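Notes follow once the structure below has been shown.
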Amino acid sequence: MTHLDNDAPLHLLKAAASTAHERLALRHRPVVIRNEASAFRIADRTSAGTVVLGDGAFWVVCLADAERLVRAGYEYAPRPATGSAND
């Protein structure tokens with residue numbers, strides 16, 4: 001549903017997350033992260049975190065909110081390759 005926009009001002013990316021939070025009745029406002037690796041590190045440190053391709057950025061959300069977002073047309077972010085076959 002989105003493309004990543006590293007040139008967009010952060011306040012606009014956060015505003016898009018807030019709009020989705022209100023419009024879709026999400027439990028929590030998505031955490032807006034521009035860097036893919038950072039988004040997955042943050043999600044991995046939470047008990048029920050996952051990464052969704054949000055409006056212009058990666059969104060770290062809880063699993064319940066991720067399901068609401070997916071039903072609304074957003075997509076889960078694919079986990080990046082680690083670069084090693086042994087990982």
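Labels for the structure tokens follow display order: chains A, B, ..., residues from 1 in each chain, ligands from 1.
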Name the residues of chain A that fall into alpha helix (DSSP H) according to DSSP on the backbone, using the chain letters and numbers of this document, as a VMD selection string.
chain A and resid 10 to 23 36 to 44 63 to 71
Any chance you could export the current selection's N, CA and C atoms as a short mmCIF file (atom, residue, chain, number, x, y, z; two decimals), in the first residue's frame?
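Final output, saved to again-v9.cif:
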data_model
loop_
_atom_site.label_atom_id
_atom_site.label_comp_id
_atom_site.auth_asym_id
_atom_site.auth_seq_id
_atom_site.Cartn_x
_atom_site.Cartn_y
_atom_site.Cartn_z
N LEU A 10 9.96 13.76 8.74
CA LEU A 10 9.51 12.81 9.75
C LEU A 10 8.13 13.17 10.30
N HIS A 11 7.84 14.45 10.45
CA HIS A 11 6.53 14.82 11.00
C HIS A 11 5.39 14.40 10.08
N LEU A 12 5.62 14.36 8.77
CA LEU A 12 4.59 13.89 7.84
C LEU A 12 4.41 12.38 7.93
N LEU A 13 5.51 11.66 8.12
CA LEU A 13 5.43 10.21 8.27
C LEU A 13 4.69 9.85 9.56
N LYS A 14 4.97 10.59 10.62
CA LYS A 14 4.28 10.35 11.89
C LYS A 14 2.80 10.72 11.80
N ALA A 15 2.50 11.78 11.05
CA ALA A 15 1.10 12.17 10.87
C ALA A 15 0.32 11.09 10.13
N ALA A 16 0.95 10.45 9.15
CA ALA A 16 0.30 9.36 8.42
C ALA A 16 0.02 8.19 9.36
N ALA A 17 0.96 7.89 10.25
CA ALA A 17 0.76 6.82 11.23
C ALA A 17 -0.37 7.16 12.19
N SER A 18 -0.44 8.41 12.61
CA SER A 18 -1.51 8.84 13.50
C SER A 18 -2.87 8.76 12.82
N THR A 19 -2.92 9.11 11.55
CA THR A 19 -4.16 9.02 10.79
C THR A 19 -4.63 7.57 10.70
N ALA A 20 -3.72 6.66 10.40
CA ALA A 20 -4.07 5.24 10.33
C ALA A 20 -4.53 4.75 11.70
N HIS A 21 -3.88 5.20 12.75
CA HIS A 21 -4.25 4.83 14.12
C HIS A 21 -5.70 5.19 14.39
N GLU A 22 -6.08 6.39 14.04
CA GLU A 22 -7.44 6.86 14.29
C GLU A 22 -8.45 6.21 13.33
N ARG A 23 -8.13 6.17 12.07
CA ARG A 23 -9.06 5.68 11.05
C ARG A 23 -9.36 4.20 11.21
N GLU A 36 15.09 -0.15 7.66
CA GLU A 36 14.54 -1.50 7.72
C GLU A 36 15.15 -2.33 8.85
N ALA A 37 16.46 -2.35 8.94
CA ALA A 37 17.13 -3.16 9.96
C ALA A 37 16.74 -2.69 11.36
N SER A 38 16.67 -1.40 11.56
CA SER A 38 16.26 -0.86 12.86
C SER A 38 14.84 -1.25 13.21
N ALA A 39 13.96 -1.22 12.23
CA ALA A 39 12.56 -1.58 12.46
C ALA A 39 12.46 -3.02 12.95
N PHE A 40 13.20 -3.93 12.31
CA PHE A 40 13.14 -5.33 12.72
C PHE A 40 13.81 -5.55 14.08
N ARG A 41 14.88 -4.81 14.38
CA ARG A 41 15.51 -4.92 15.70
C ARG A 41 14.54 -4.50 16.80
N ILE A 42 13.83 -3.40 16.56
CA ILE A 42 12.86 -2.92 17.55
C ILE A 42 11.73 -3.93 17.71
N ALA A 43 11.20 -4.43 16.61
CA ALA A 43 10.10 -5.41 16.67
C ALA A 43 10.54 -6.67 17.39
N ASP A 44 11.77 -7.10 17.16
CA ASP A 44 12.28 -8.32 17.79
C ASP A 44 12.44 -8.17 19.30
N LEU A 63 0.82 -7.34 17.03
CA LEU A 63 0.22 -8.28 16.08
C LEU A 63 -1.24 -7.97 15.78
N ALA A 64 -2.00 -7.54 16.77
CA ALA A 64 -3.41 -7.21 16.54
C ALA A 64 -3.54 -6.04 15.58
N ASP A 65 -2.72 -5.02 15.77
CA ASP A 65 -2.76 -3.87 14.87
C ASP A 65 -2.27 -4.25 13.48
N ALA A 66 -1.29 -5.14 13.41
CA ALA A 66 -0.79 -5.58 12.10
C ALA A 66 -1.91 -6.24 11.31
N GLU A 67 -2.71 -7.06 11.97
CA GLU A 67 -3.82 -7.72 11.28
C GLU A 67 -4.84 -6.71 10.78
N ARG A 68 -5.12 -5.70 11.57
CA ARG A 68 -6.05 -4.63 11.12
C ARG A 68 -5.47 -3.89 9.92
N LEU A 69 -4.19 -3.61 9.97
CA LEU A 69 -3.56 -2.91 8.86
C LEU A 69 -3.58 -3.76 7.59
N VAL A 70 -3.29 -5.05 7.72
CA VAL A 70 -3.29 -5.94 6.55
C VAL A 70 -4.69 -6.01 5.94
N ARG A 71 -5.71 -6.12 6.79
CA ARG A 71 -7.09 -6.14 6.27
C ARG A 71 -7.43 -4.85 5.54
#
What is the CA of Leu26 (chain A)-CA of Thr50 (chain A) distance in Å, reported with one decimal?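 According to the coordinates, CA of Leu26 (chain A) and CA of Thr50 (chain A) are separated by 14.0 Å.
For the pair CA of His28 (chain A) and CA of Ala8 (chain A), the separation is 22.4 Å.
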Which of chain A DSSP labels strand (DSSP E or B), written as a PDB file with C-alpha atoms, in the first residue's frame:
ATOM      1  CA  VAL A  31       6.229   3.459  15.658  1.00  0.00           C
ATOM      2  CA  VAL A  32       7.627   5.081  12.510  1.00  0.00           C
ATOM      3  CA  ILE A  33      11.094   3.895  11.465  1.00  0.00           C
ATOM      4  CA  GLY A  49       5.961  -6.751  17.590  1.00  0.00           C
ATOM      5  CA  THR A  50       6.007  -6.975  13.844  1.00  0.00           C
ATOM      6  CA  VAL A  51       6.874  -4.709  10.936  1.00  0.00           C
ATOM      7  CA  VAL A  52       4.391  -3.430   8.373  1.00  0.00           C
ATOM      8  CA  LEU A  53       5.090  -1.364   5.275  1.00  0.00           C
ATOM      9  CA  PHE A  58       8.336   0.970   8.227  1.00  0.00           C
ATOM     10  CA  TRP A  59       5.795   0.751  11.035  1.00  0.00           C
ATOM     11  CA  VAL A  60       6.459  -1.343  14.126  1.00  0.00           C
ATOM     12  CA  VAL A  61       3.114  -2.482  15.514  1.00  0.00           C
ATOM     13  CA  CYS A  62       1.612  -5.153  17.741  1.00  0.00           C
ATOM     14  CA  GLU A  75       1.489  -5.422   3.837  1.00  0.00           C
ATOM     15  CA  TYR A  76       3.838  -7.108   6.252  1.00  0.00           C
TER      16      TYR A  76
END
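Going from CA of Ala81 (chain A) over to CA of Arg29 (chain A), you cover 27.4 Å.
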### Using only C-alpha atoms: which of A:Ala48, A:Ala77, A:Ala72, A:Ala57 has the shortest distance to Asp7 (chain A)
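Using only C-alpha atoms, Asp7 (chain A) sits closest to A:Ala57.
Nearest-residue note for Pro30 (chain A): choosing from A:Gly54, A:Pro9, A:Arg79, A:Thr46, the minimum distance belongs to A:Gly54, counting only C-alpha atoms.
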